[in-house]
$ cat data_21.pdb   # PDB, C-alpha atoms
ATOM      1  CA  MET A1310     -11.134   6.179  12.574  1.00  0.00           C
ATOM      2  CA  GLN A1311     -10.697   4.582   9.165  1.00  0.00           C
ATOM      3  CA  VAL A1312     -13.345   4.309   6.452  1.00  0.00           C
ATOM      4  CA  PHE A1313     -13.251   1.402   3.995  1.00  0.00           C
ATOM      5  CA  ALA A1314     -15.352   0.856   0.876  1.00  0.00           C
ATOM      6  CA  ILE A1315     -16.240  -2.607  -0.435  1.00  0.00           C
ATOM      7  CA  PHE A1316     -17.474  -3.274  -3.966  1.00  0.00           C
ATOM      8  CA  PRO A1317     -19.031  -6.713  -4.513  1.00  0.00           C
ATOM      9  CA  ALA A1318     -18.357  -7.061  -8.263  1.00  0.00           C
ATOM     10  CA  ALA A1319     -18.485 -10.811  -8.813  1.00  0.00           C
ATOM     11  CA  GLY A1320     -21.967 -10.799 -10.382  1.00  0.00           C
ATOM     12  CA  LEU A1321     -22.520 -12.084 -13.896  1.00  0.00           C
ATOM     13  CA  GLY A1322     -25.200  -9.530 -14.794  1.00  0.00           C
ATOM     14  CA  THR A1323     -27.437 -11.933 -16.705  1.00  0.00           C
ATOM     15  CA  ARG A1324     -30.219  -9.342 -17.233  1.00  0.00           C
ATOM     16  CA  MET A1325     -27.954  -7.271 -19.483  1.00  0.00           C
ATOM     17  CA  ALA A1326     -27.660 -10.237 -21.888  1.00  0.00           C
ATOM     18  CA  GLY A1327     -24.152  -9.099 -22.829  1.00  0.00           C
ATOM     19  CA  SER A1328     -20.980 -11.021 -23.524  1.00  0.00           C
ATOM     20  CA  GLN A1329     -19.336  -9.870 -20.291  1.00  0.00           C
ATOM     21  CA  PRO A1330     -20.330  -8.920 -16.726  1.00  0.00           C
ATOM     22  CA  LYS A1331     -22.102  -5.542 -16.720  1.00  0.00           C
ATOM     23  CA  GLN A1332     -19.574  -3.889 -14.383  1.00  0.00           C
ATOM     24  CA  PHE A1333     -17.018  -4.094 -17.234  1.00  0.00           C
ATOM     25  CA  LEU A1334     -19.288  -2.545 -19.886  1.00  0.00           C
ATOM     26  CA  ALA A1335     -18.288   0.915 -21.099  1.00  0.00           C
ATOM     27  CA  LEU A1336     -20.154   4.019 -19.986  1.00  0.00           C
ATOM     28  CA  ASN A1337     -18.949   7.010 -22.042  1.00  0.00           C
ATOM     29  CA  GLY A1338     -15.895   4.960 -22.983  1.00  0.00           C
ATOM     30  CA  ILE A1339     -14.900   4.059 -19.400  1.00  0.00           C
ATOM     31  CA  PRO A1340     -15.830   0.797 -17.599  1.00  0.00           C
ATOM     32  CA  ILE A1341     -18.812   1.159 -15.260  1.00  0.00           C
ATOM     33  CA  LEU A1342     -16.739  -0.225 -12.377  1.00  0.00           C
ATOM     34  CA  ILE A1343     -14.087   2.480 -12.873  1.00  0.00           C
ATOM     35  CA  HIS A1344     -16.737   5.244 -12.713  1.00  0.00           C
ATOM     36  CA  SER A1345     -17.934   3.783  -9.390  1.00  0.00           C
ATOM     37  CA  LEU A1346     -14.423   3.386  -7.959  1.00  0.00           C
ATOM     38  CA  ARG A1347     -13.432   6.924  -8.967  1.00  0.00           C
ATOM     39  CA  ALA A1348     -16.395   8.390  -7.112  1.00  0.00           C
ATOM     40  CA  PHE A1349     -15.186   6.810  -3.857  1.00  0.00           C
ATOM     41  CA  ALA A1350     -11.491   7.416  -4.535  1.00  0.00           C
ATOM     42  CA  GLU A1351     -12.251  11.152  -4.658  1.00  0.00           C
ATOM     43  CA  VAL A1352     -13.668  11.142  -1.102  1.00  0.00           C
ATOM     44  CA  LYS A1353     -10.756  12.045   1.163  1.00  0.00           C
ATOM     45  CA  ARG A1354     -12.183  10.332   4.253  1.00  0.00           C
ATOM     46  CA  ILE A1355     -12.031   6.910   2.585  1.00  0.00           C
ATOM     47  CA  THR A1356      -8.890   5.027   3.597  1.00  0.00           C
ATOM     48  CA  ALA A1357      -8.992   2.208   1.048  1.00  0.00           C
ATOM     49  CA  ILE A1358     -11.311   0.486  -1.422  1.00  0.00           C
ATOM     50  CA  TYR A1359     -11.660  -3.280  -1.810  1.00  0.00           C
ATOM     51  CA  VAL A1360     -13.206  -4.857  -4.922  1.00  0.00           C
ATOM     52  CA  ALA A1361     -14.355  -8.485  -4.888  1.00  0.00           C
ATOM     53  CA  VAL A1362     -14.411 -10.079  -8.361  1.00  0.00           C
ATOM     54  CA  ARG A1363     -14.541 -13.594  -9.770  1.00  0.00           C
ATOM     55  CA  LYS A1364     -11.166 -15.324 -10.077  1.00  0.00           C
ATOM     56  CA  PRO A1365     -11.071 -15.120 -13.925  1.00  0.00           C
ATOM     57  CA  GLU A1366     -11.703 -11.335 -13.695  1.00  0.00           C
ATOM     58  CA  ILE A1367      -8.945 -10.494 -11.195  1.00  0.00           C
ATOM     59  CA  GLU A1368      -6.283  -9.862 -13.859  1.00  0.00           C
ATOM     60  CA  ARG A1369      -8.556  -7.660 -15.981  1.00  0.00           C
ATOM     61  CA  THR A1370      -9.653  -5.686 -12.889  1.00  0.00           C
ATOM     62  CA  LEU A1371      -6.056  -5.104 -11.778  1.00  0.00           C
ATOM     63  CA  ALA A1372      -5.160  -3.944 -15.309  1.00  0.00           C
ATOM     64  CA  GLN A1373      -8.071  -1.464 -15.398  1.00  0.00           C
ATOM     65  CA  ILE A1374      -7.256  -0.123 -11.933  1.00  0.00           C
ATOM     66  CA  ALA A1375      -3.669   0.463 -13.087  1.00  0.00           C
ATOM     67  CA  GLU A1376      -4.767   2.010 -16.395  1.00  0.00           C
ATOM     68  CA  TYR A1377      -6.938   4.585 -14.604  1.00  0.00           C
ATOM     69  CA  GLY A1378      -4.373   5.354 -11.889  1.00  0.00           C
ATOM     70  CA  LEU A1379      -6.262   3.859  -8.947  1.00  0.00           C
ATOM     71  CA  ASN A1380      -3.553   1.427  -7.766  1.00  0.00           C
ATOM     72  CA  ASP A1381      -2.825   3.304  -4.557  1.00  0.00           C
ATOM     73  CA  ARG A1382      -6.523   3.403  -3.522  1.00  0.00           C
ATOM     74  CA  VAL A1383      -7.939   0.033  -4.628  1.00  0.00           C
ATOM     75  CA  GLN A1384      -7.242  -3.580  -3.580  1.00  0.00           C
ATOM     76  CA  VAL A1385      -8.701  -6.595  -5.407  1.00  0.00           C
ATOM     77  CA  VAL A1386      -9.889  -9.745  -3.615  1.00  0.00           C
ATOM     78  CA  GLU A1387     -11.558 -12.888  -4.920  1.00  0.00           C
ATOM     79  CA  GLY A1388     -15.354 -12.766  -4.697  1.00  0.00           C
ATOM     80  CA  GLY A1389     -17.821 -15.514  -3.873  1.00  0.00           C
ATOM     81  CA  ASP A1390     -20.813 -17.169  -5.506  1.00  0.00           C
ATOM     82  CA  HIS A1391     -23.215 -14.523  -4.223  1.00  0.00           C
ATOM     83  CA  ARG A1392     -23.063 -10.934  -2.964  1.00  0.00           C
ATOM     84  CA  GLN A1393     -22.940 -11.779   0.753  1.00  0.00           C
ATOM     85  CA  GLU A1394     -20.023 -14.132   0.229  1.00  0.00           C
ATOM     86  CA  SER A1395     -18.137 -11.512  -1.801  1.00  0.00           C
ATOM     87  CA  VAL A1396     -18.654  -8.892   0.914  1.00  0.00           C
ATOM     88  CA  ALA A1397     -17.551 -11.420   3.564  1.00  0.00           C
ATOM     89  CA  HIS A1398     -14.329 -12.139   1.618  1.00  0.00           C
ATOM     90  CA  ALA A1399     -13.557  -8.422   1.411  1.00  0.00           C
ATOM     91  CA  LEU A1400     -14.450  -7.883   5.087  1.00  0.00           C
ATOM     92  CA  SER A1401     -11.962 -10.526   6.149  1.00  0.00           C
ATOM     93  CA  ALA A1402      -9.241  -8.736   4.156  1.00  0.00           C
ATOM     94  CA  LEU A1403      -9.784  -5.332   5.814  1.00  0.00           C
ATOM     95  CA  PRO A1404      -7.168  -4.105   8.313  1.00  0.00           C
ATOM     96  CA  ALA A1405     -10.044  -2.630  10.350  1.00  0.00           C
ATOM     97  CA  GLU A1406     -10.920  -2.048  14.017  1.00  0.00           C
ATOM     98  CA  ASP A1407     -14.455  -2.500  15.406  1.00  0.00           C
ATOM     99  CA  ASP A1408     -15.170   1.257  15.391  1.00  0.00           C
ATOM    100  CA  ASP A1409     -14.003   1.784  11.825  1.00  0.00           C
ATOM    101  CA  ILE A1410     -16.624   2.278   9.115  1.00  0.00           C
ATOM    102  CA  VAL A1411     -17.329   0.038   6.148  1.00  0.00           C
ATOM    103  CA  LEU A1412     -19.345   1.232   3.157  1.00  0.00           C
ATOM    104  CA  VAL A1413     -20.656  -1.347   0.687  1.00  0.00           C
ATOM    105  CA  HIS A1414     -21.542  -0.063  -2.783  1.00  0.00           C
ATOM    106  CA  ASP A1415     -22.976  -1.716  -5.881  1.00  0.00           C
ATOM    107  CA  ALA A1416     -20.278  -1.813  -8.557  1.00  0.00           C
ATOM    108  CA  VAL A1417     -22.955  -0.920 -11.124  1.00  0.00           C
ATOM    109  CA  ARG A1418     -24.100   2.341  -9.487  1.00  0.00           C
ATOM    110  CA  PRO A1419     -21.537   4.538 -11.279  1.00  0.00           C
ATOM    111  CA  LEU A1420     -23.205   7.923 -10.713  1.00  0.00           C
ATOM    112  CA  ILE A1421     -22.989   8.078  -6.913  1.00  0.00           C
ATOM    113  CA  ASP A1422     -21.784  11.522  -5.795  1.00  0.00           C
ATOM    114  CA  ALA A1423     -19.296  12.489  -3.093  1.00  0.00           C
ATOM    115  CA  ALA A1424     -21.881  14.427  -1.053  1.00  0.00           C
ATOM    116  CA  THR A1425     -24.076  11.321  -0.646  1.00  0.00           C
ATOM    117  CA  ILE A1426     -21.061   9.215   0.322  1.00  0.00           C
ATOM    118  CA  ASP A1427     -20.102  11.822   2.954  1.00  0.00           C
ATOM    119  CA  ARG A1428     -23.662  11.987   4.312  1.00  0.00           C
ATOM    120  CA  THR A1429     -23.672   8.198   4.637  1.00  0.00           C
ATOM    121  CA  ILE A1430     -20.404   8.236   6.610  1.00  0.00           C
ATOM    122  CA  ASP A1431     -21.832  10.919   8.933  1.00  0.00           C
ATOM    123  CA  ALA A1432     -25.025   8.887   9.458  1.00  0.00           C
ATOM    124  CA  VAL A1433     -22.984   5.771  10.364  1.00  0.00           C
ATOM    125  CA  ILE A1434     -20.932   7.790  12.879  1.00  0.00           C
ATOM    126  CA  GLU A1435     -24.210   8.888  14.483  1.00  0.00           C
ATOM    127  CA  ASN A1436     -26.281   5.683  14.219  1.00  0.00           C
ATOM    128  CA  GLY A1437     -23.912   2.737  13.690  1.00  0.00           C
ATOM    129  CA  ALA A1438     -25.669   1.745  10.460  1.00  0.00           C
ATOM    130  CA  ALA A1439     -27.143   3.691   7.532  1.00  0.00           C
ATOM    131  CA  ILE A1440     -28.265   3.152   3.960  1.00  0.00           C
ATOM    132  CA  VAL A1441     -29.040   5.441   1.067  1.00  0.00           C
ATOM    133  CA  GLY A1442     -32.735   5.236   0.201  1.00  0.00           C
ATOM    134  CA  LEU A1443     -35.154   6.863  -2.208  1.00  0.00           C
ATOM    135  CA  PRO A1444     -38.732   7.679  -1.158  1.00  0.00           C
ATOM    136  CA  ALA A1445     -41.309   5.746  -3.181  1.00  0.00           C
ATOM    137  CA  VAL A1446     -43.287   7.899  -5.636  1.00  0.00           C
ATOM    138  CA  ASP A1447     -45.488   5.167  -7.078  1.00  0.00           C
ATOM    139  CA  THR A1448     -48.332   3.553  -5.165  1.00  0.00           C
ATOM    140  CA  ILE A1449     -47.065   0.295  -3.654  1.00  0.00           C
ATOM    141  CA  LYS A1450     -49.204  -2.834  -3.967  1.00  0.00           C
ATOM    142  CA  GLN A1451     -48.645  -6.073  -2.101  1.00  0.00           C
ATOM    143  CA  VAL A1452     -49.587  -9.033  -4.282  1.00  0.00           C
ATOM    144  CA  GLU A1453     -50.123 -12.740  -4.208  1.00  0.00           C
ATOM    145  CA  ARG A1454     -48.531 -14.623  -7.095  1.00  0.00           C
ATOM    146  CA  THR A1455     -50.828 -16.856  -9.120  1.00  0.00           C
ATOM    147  CA  ALA A1456     -50.401 -19.148 -12.107  1.00  0.00           C
ATOM    148  CA  HIS A1457     -51.740 -16.327 -14.298  1.00  0.00           C
ATOM    149  CA  GLY A1458     -49.708 -13.463 -12.836  1.00  0.00           C
ATOM    150  CA  ALA A1459     -50.528 -11.667  -9.580  1.00  0.00           C
ATOM    151  CA  LEU A1460     -53.482 -10.421  -7.541  1.00  0.00           C
ATOM    152  CA  VAL A1461     -53.369  -7.357  -5.282  1.00  0.00           C
ATOM    153  CA  THR A1462     -53.808  -8.219  -1.600  1.00  0.00           C
ATOM    154  CA  SER A1463     -53.220  -4.749  -0.093  1.00  0.00           C
ATOM    155  CA  THR A1464     -51.930  -1.223  -0.679  1.00  0.00           C
ATOM    156  CA  ILE A1465     -48.955  -0.098   1.404  1.00  0.00           C
ATOM    157  CA  PRO A1466     -48.850   3.632   2.279  1.00  0.00           C
ATOM    158  CA  ARG A1467     -45.964   5.258   0.424  1.00  0.00           C
ATOM    159  CA  GLU A1468     -44.698   7.094   3.510  1.00  0.00           C
ATOM    160  CA  PHE A1469     -43.697   3.718   5.000  1.00  0.00           C
ATOM    161  CA  ILE A1470     -41.583   2.767   1.960  1.00  0.00           C
ATOM    162  CA  VAL A1471     -38.100   3.661   0.769  1.00  0.00           C
ATOM    163  CA  LEU A1472     -36.289   2.043  -2.153  1.00  0.00           C
ATOM    164  CA  ALA A1473     -32.891   0.901  -0.890  1.00  0.00           C
ATOM    165  CA  GLN A1474     -29.817   2.079  -2.764  1.00  0.00           C
ATOM    166  CA  THR A1475     -26.118   2.015  -1.902  1.00  0.00           C
ATOM    167  CA  PRO A1476     -23.766   2.850  -0.304  1.00  0.00           C
ATOM    168  CA  GLN A1477     -24.835   1.008   2.825  1.00  0.00           C
ATOM    169  CA  GLY A1478     -22.575   1.801   5.776  1.00  0.00           C
ATOM    170  CA  PHE A1479     -21.859   0.147   9.113  1.00  0.00           C
ATOM    171  CA  ARG A1480     -19.406   0.038  11.970  1.00  0.00           C
ATOM    172  CA  TYR A1481     -16.971  -2.744  11.066  1.00  0.00           C
ATOM    173  CA  GLY A1482     -17.524  -4.710  14.299  1.00  0.00           C
ATOM    174  CA  LEU A1483     -21.303  -4.653  13.857  1.00  0.00           C
ATOM    175  CA  LEU A1484     -21.191  -5.793  10.221  1.00  0.00           C
ATOM    176  CA  LYS A1485     -18.643  -8.531  10.945  1.00  0.00           C
ATOM    177  CA  ARG A1486     -20.759  -9.873  13.834  1.00  0.00           C
ATOM    178  CA  ALA A1487     -24.017  -9.747  11.827  1.00  0.00           C
ATOM    179  CA  PHE A1488     -22.350 -11.578   8.917  1.00  0.00           C
ATOM    180  CA  ALA A1489     -20.967 -14.265  11.251  1.00  0.00           C
ATOM    181  CA  GLU A1490     -24.459 -14.831  12.722  1.00  0.00           C
ATOM    182  CA  ALA A1491     -26.011 -15.001   9.239  1.00  0.00           C
ATOM    183  CA  THR A1492     -23.398 -17.520   8.068  1.00  0.00           C
ATOM    184  CA  ALA A1493     -23.931 -19.682  11.158  1.00  0.00           C
ATOM    185  CA  ASP A1494     -27.705 -19.705  10.531  1.00  0.00           C
ATOM    186  CA  GLY A1495     -27.493 -20.131   6.741  1.00  0.00           C
ATOM    187  CA  PHE A1496     -29.253 -16.778   6.195  1.00  0.00           C
ATOM    188  CA  VAL A1497     -28.624 -14.929   2.918  1.00  0.00           C
ATOM    189  CA  GLY A1498     -29.936 -11.362   2.806  1.00  0.00           C
ATOM    190  CA  THR A1499     -30.827  -9.306  -0.238  1.00  0.00           C
ATOM    191  CA  ASP A1500     -28.501  -6.527   0.947  1.00  0.00           C
ATOM    192  CA  GLU A1501     -26.134  -5.818   3.844  1.00  0.00           C
ATOM    193  CA  ALA A1502     -28.776  -3.886   5.778  1.00  0.00           C
ATOM    194  CA  SER A1503     -31.083  -6.925   5.851  1.00  0.00           C
ATOM    195  CA  VAL A1504     -28.289  -8.927   7.527  1.00  0.00           C
ATOM    196  CA  VAL A1505     -27.669  -6.147  10.072  1.00  0.00           C
ATOM    197  CA  GLU A1506     -31.419  -5.607  10.699  1.00  0.00           C
ATOM    198  CA  ARG A1507     -31.703  -9.326  11.444  1.00  0.00           C
ATOM    199  CA  ALA A1508     -29.024  -8.883  14.131  1.00  0.00           C
ATOM    200  CA  GLY A1509     -31.281  -6.329  15.857  1.00  0.00           C
ATOM    201  CA  GLN A1510     -29.536  -3.124  14.767  1.00  0.00           C
ATOM    202  CA  GLN A1511     -31.559  -0.095  13.683  1.00  0.00           C
ATOM    203  CA  VAL A1512     -30.555   1.288  10.292  1.00  0.00           C
ATOM    204  CA  ALA A1513     -30.860   4.988   9.441  1.00  0.00           C
ATOM    205  CA  VAL A1514     -31.811   6.221   5.963  1.00  0.00           C
ATOM    206  CA  VAL A1515     -29.880   8.869   4.036  1.00  0.00           C
ATOM    207  CA  HIS A1516     -31.735  10.568   1.185  1.00  0.00           C
ATOM    208  CA  GLY A1517     -30.756   9.136  -2.198  1.00  0.00           C
ATOM    209  CA  SER A1518     -31.293  10.232  -5.779  1.00  0.00           C
ATOM    210  CA  GLN A1519     -32.768   8.877  -9.003  1.00  0.00           C
ATOM    211  CA  VAL A1520     -29.399   9.627 -10.631  1.00  0.00           C
ATOM    212  CA  ASN A1521     -27.787   6.980  -8.391  1.00  0.00           C
ATOM    213  CA  LEU A1522     -29.316   4.280 -10.567  1.00  0.00           C
ATOM    214  CA  LYS A1523     -28.286   0.641 -10.691  1.00  0.00           C
ATOM    215  CA  ILE A1524     -27.407  -0.503 -14.204  1.00  0.00           C
ATOM    216  CA  THR A1525     -29.156  -3.857 -14.596  1.00  0.00           C
ATOM    217  CA  GLN A1526     -30.689  -3.808 -18.086  1.00  0.00           C
ATOM    218  CA  PRO A1527     -29.779  -2.246 -21.459  1.00  0.00           C
ATOM    219  CA  GLY A1528     -31.973   0.863 -21.139  1.00  0.00           C
ATOM    220  CA  ASP A1529     -30.227   1.785 -17.871  1.00  0.00           C
ATOM    221  CA  LEU A1530     -26.949   2.335 -19.735  1.00  0.00           C
ATOM    222  CA  GLU A1531     -28.567   4.936 -22.015  1.00  0.00           C
ATOM    223  CA  LEU A1532     -30.129   6.666 -19.003  1.00  0.00           C
ATOM    224  CA  ALA A1533     -26.764   6.730 -17.188  1.00  0.00           C
ATOM    225  CA  GLU A1534     -25.138   8.267 -20.281  1.00  0.00           C
ATOM    226  CA  PHE A1535     -27.865  10.939 -20.317  1.00  0.00           C
ATOM    227  CA  TYR A1536     -27.262  11.759 -16.638  1.00  0.00           C
ATOM    228  CA  LEU A1537     -23.489  11.925 -17.236  1.00  0.00           C
ATOM    229  CA  ARG A1538     -23.994  14.395 -20.097  1.00  0.00           C
ATOM    230  CA  GLN A1539     -26.208  16.521 -17.838  1.00  0.00           C
ATOM    231  CA  ARG A1540     -23.610  16.438 -15.052  1.00  0.00           C
ATOM    232  CA  HIS A1541     -20.720  17.481 -17.285  1.00  0.00           C
ATOM    233  CA  GLY A1542     -22.731  19.995 -19.301  1.00  0.00           C
TER     234      GLY A1542
END
$ encode --input "data_21.pdb" --output "structure tokens"
Amino acid sequence: MQVFAIFPAAGLGTRMAGSQPKQFLALNGIPILIHSLRAFAEVKRITAIYVAVRKPEIERTLAQIAEYGLNDRVQVVEGGDHRQESVAHALSALPAEDDDIVLVHDAVRPLIDAATIDRTIDAVIENGAAIVGLPAVDTIKQVERTAHGALVTSTIPREFIVLAQTPQGFRYGLLKRAFAEATADGFVGTDEASVVERAGQQVAVVHGSQVNLKITQPGDLELAEFYLRQRHG
């Protein structure tokens, strides 16, 4: 059984308001994407890693992968206009069998740890599909949007809520089939699990961590640097 990791990294990262896509910003002097790739490259069970980037970024990505010695672990493919398309491009490049496992990870979650990756692989072996999720600590309100903001319509019990993180893992055959159905129906999900759920597959949840944060706005970079300092003492 092979295990592949896919990184959709074709996003422009508009919320960071920077001059370049956020996955190429430096975190402690190293590109965010490289931190994320290294975390997966260190997991022995992972056969190969595929990164999907925009065409103009392919050269820069290849150069960074070479600079940080990841050539033998990482392949680069051209991404699409949105996440699902990028994952689909990478999926079609995988030399995978139906029973192999595919993990999809946000390029801008650089602090994922090997233990969580391993737990996700184990959960996919057992269930066919699994995501990393964080229990909600805040009270969750459902709202109705209005011209002046929002009005609360109900309160959702916290025990029914998890905040989805990545990696999200699936048997290759299942993910490929769910993506083909979504494409045929013109459905675009917010994450891979939503596409697989739509195909009728149950998805297990692996316990995540606040440290596994997604860098989407400037303050997140400072928080990630703080966590890195804590990790390395």
$ resolve_selection --input "data_21.pdb" --expression "the PyMOL selection byres ((chain A and resi 1513) around 9)" --output "ChimeraX atom specification"
/A:1432-1433,1436-1441,1511-1512,1514-1515
$ write_last_selection --input "data_21.pdb" --atoms "C-alpha atoms" --output "JSON list (two decimals), keeping the file's coordinate frame"
[["chain", "number", "residue", "atom", "x", "y", "z"],
["A", 1432, "ALA", "CA", -25.02, 8.89, 9.46],
["A", 1433, "VAL", "CA", -22.98, 5.77, 10.36],
["A", 1436, "ASN", "CA", -26.28, 5.68, 14.22],
["A", 1437, "GLY", "CA", -23.91, 2.74, 13.69],
["A", 1438, "ALA", "CA", -25.67, 1.74, 10.46],
["A", 1439, "ALA", "CA", -27.14, 3.69, 7.53],
["A", 1440, "ILE", "CA", -28.26, 3.15, 3.96],
["A", 1441, "VAL", "CA", -29.04, 5.44, 1.07],
["A", 1511, "GLN", "CA", -31.56, -0.10, 13.68],
["A", 1512, "VAL", "CA", -30.56, 1.29, 10.29],
["A", 1514, "VAL", "CA", -31.81, 6.22, 5.96],
["A", 1515, "VAL", "CA", -29.88, 8.87, 4.04]]
$ residues_around --input "data_21.pdb" --residues "A:Ala1489" --least-positions-apart "4" --cutoff "12 Å" --atoms "all atoms listed in the file" --output "JSON, numbers by chain"
{"A": [1393, 1394, 1396, 1397, 1398, 1400, 1401, 1482, 1483, 1484, 1485, 1493, 1494, 1495, 1496, 1497, 1504, 1505, 1507, 1508]}
$ resolve_selection --input "data_21.pdb" --expression "the PyMOL selection byres ((chain A and resi 1390) around 10)" --output "tab-separated table (two decimals) with C-alpha atoms, keeping the file's coordinate frame"
chain	number	residue	atom	x	y	z
A	1319	ALA	CA	-18.48	-10.81	-8.81
A	1320	GLY	CA	-21.97	-10.80	-10.38
A	1321	LEU	CA	-22.52	-12.08	-13.90
A	1362	VAL	CA	-14.41	-10.08	-8.36
A	1363	ARG	CA	-14.54	-13.59	-9.77
A	1388	GLY	CA	-15.35	-12.77	-4.70
A	1389	GLY	CA	-17.82	-15.51	-3.87
A	1391	HIS	CA	-23.22	-14.52	-4.22
A	1392	ARG	CA	-23.06	-10.93	-2.96
A	1393	GLN	CA	-22.94	-11.78	0.75
A	1394	GLU	CA	-20.02	-14.13	0.23
A	1395	SER	CA	-18.14	-11.51	-1.80
$ axis_aligned_box --input "data_21.pdb" --around "stretch 1487-1496 of chain A" --padding-each-side "6 Å" --output "JSON"
{"center_x": -25.1, "center_y": -14.9, "center_z": 9.5, "size_x": 20.3, "size_y": 22.4, "size_z": 18.5}
$ atom_distance --input "data_21.pdb" --atom1 "atom CA of A:Lys1353" --atom2 "atom CA of A:Pro1330"
29.2 Å
$ closest_residue --input "data_21.pdb" --among "A:Glu1406, A:Glu1468, A:Asp1447, A:Asp1529" --to "A:Arg1480" --atoms "all atoms listed in the file"
A:Glu1406
$ residues_near_point --input "data_21.pdb" --point "(-24.8, 0.8, -4.5)" --cutoff "9 Å" --atoms "only C-alpha atoms" --output "number ranges by chain"
A: 1316, 1345, 1413-1419, 1421, 1441, 1473-1477, 1521-1523
$ atom_distance --input "data_21.pdb" --atom1 "atom CA of A:Leu1379" --atom2 "atom CA of A:Leu1530"
23.4 Å
$ atom_distance --input "data_21.pdb" --atom1 "atom CA of A:Glu1501" --atom2 "atom CA of A:Arg1354"
21.3 Å
$ closest_residue --input "data_21.pdb" --among "A:Leu1420, A:Ala1314, A:Val1360, A:Ile1341" --to "A:Leu1537" --atoms "all atoms listed in the file"
A:Leu1420
$ closest_residue --input "data_21.pdb" --among "A:Phe1469, A:His1516, A:Arg1382, A:Pro1340" --to "A:Val1352" --atoms "only C-alpha atoms"
A:Arg1382
$ closest_residue --input "data_21.pdb" --among "A:Leu1342, A:Ala1459, A:Ala1361, A:Ile1355" --to "A:Ile1410" --atoms "all atoms listed in the file"
A:Ile1355
$ resolve_selection --input "data_21.pdb" --expression "the PyMOL selection byres ((chain A and resi 1373) around 12)" --output "compact mmCIF listing (two decimals) with C-alpha atoms, in the frame of the given file"
# COMPACT_ATOMS: atom_id res chain seq x y z
CA GLN A 1332 -19.57 -3.89 -14.38
CA PHE A 1333 -17.02 -4.09 -17.23
CA ALA A 1335 -18.29 0.92 -21.10
CA ILE A 1339 -14.90 4.06 -19.40
CA PRO A 1340 -15.83 0.80 -17.60
CA ILE A 1341 -18.81 1.16 -15.26
CA LEU A 1342 -16.74 -0.22 -12.38
CA ILE A 1343 -14.09 2.48 -12.87
CA HIS A 1344 -16.74 5.24 -12.71
CA LEU A 1346 -14.42 3.39 -7.96
CA ARG A 1347 -13.43 6.92 -8.97
CA GLU A 1366 -11.70 -11.34 -13.70
CA ILE A 1367 -8.94 -10.49 -11.20
CA GLU A 1368 -6.28 -9.86 -13.86
CA ARG A 1369 -8.56 -7.66 -15.98
CA THR A 1370 -9.65 -5.69 -12.89
CA LEU A 1371 -6.06 -5.10 -11.78
CA ALA A 1372 -5.16 -3.94 -15.31
CA ILE A 1374 -7.26 -0.12 -11.93
CA ALA A 1375 -3.67 0.46 -13.09
CA GLU A 1376 -4.77 2.01 -16.40
CA TYR A 1377 -6.94 4.58 -14.60
CA GLY A 1378 -4.37 5.35 -11.89
CA LEU A 1379 -6.26 3.86 -8.95
CA ASN A 1380 -3.55 1.43 -7.77
CA VAL A 1383 -7.94 0.03 -4.63
CA VAL A 1385 -8.70 -6.60 -5.41
$ closest_residue --input "data_21.pdb" --among "A:Leu1412, A:Ala1487, A:Val1520, A:Ala1405" --to "A:Ile1426" --atoms "all atoms listed in the file"
A:Leu1412
$ closest_residue --input "data_21.pdb" --among "A:Leu1460, A:Ala1357, A:Ile1434, A:Ala1491" --to "A:Ser1503" --atoms "all atoms listed in the file"
A:Ala1491
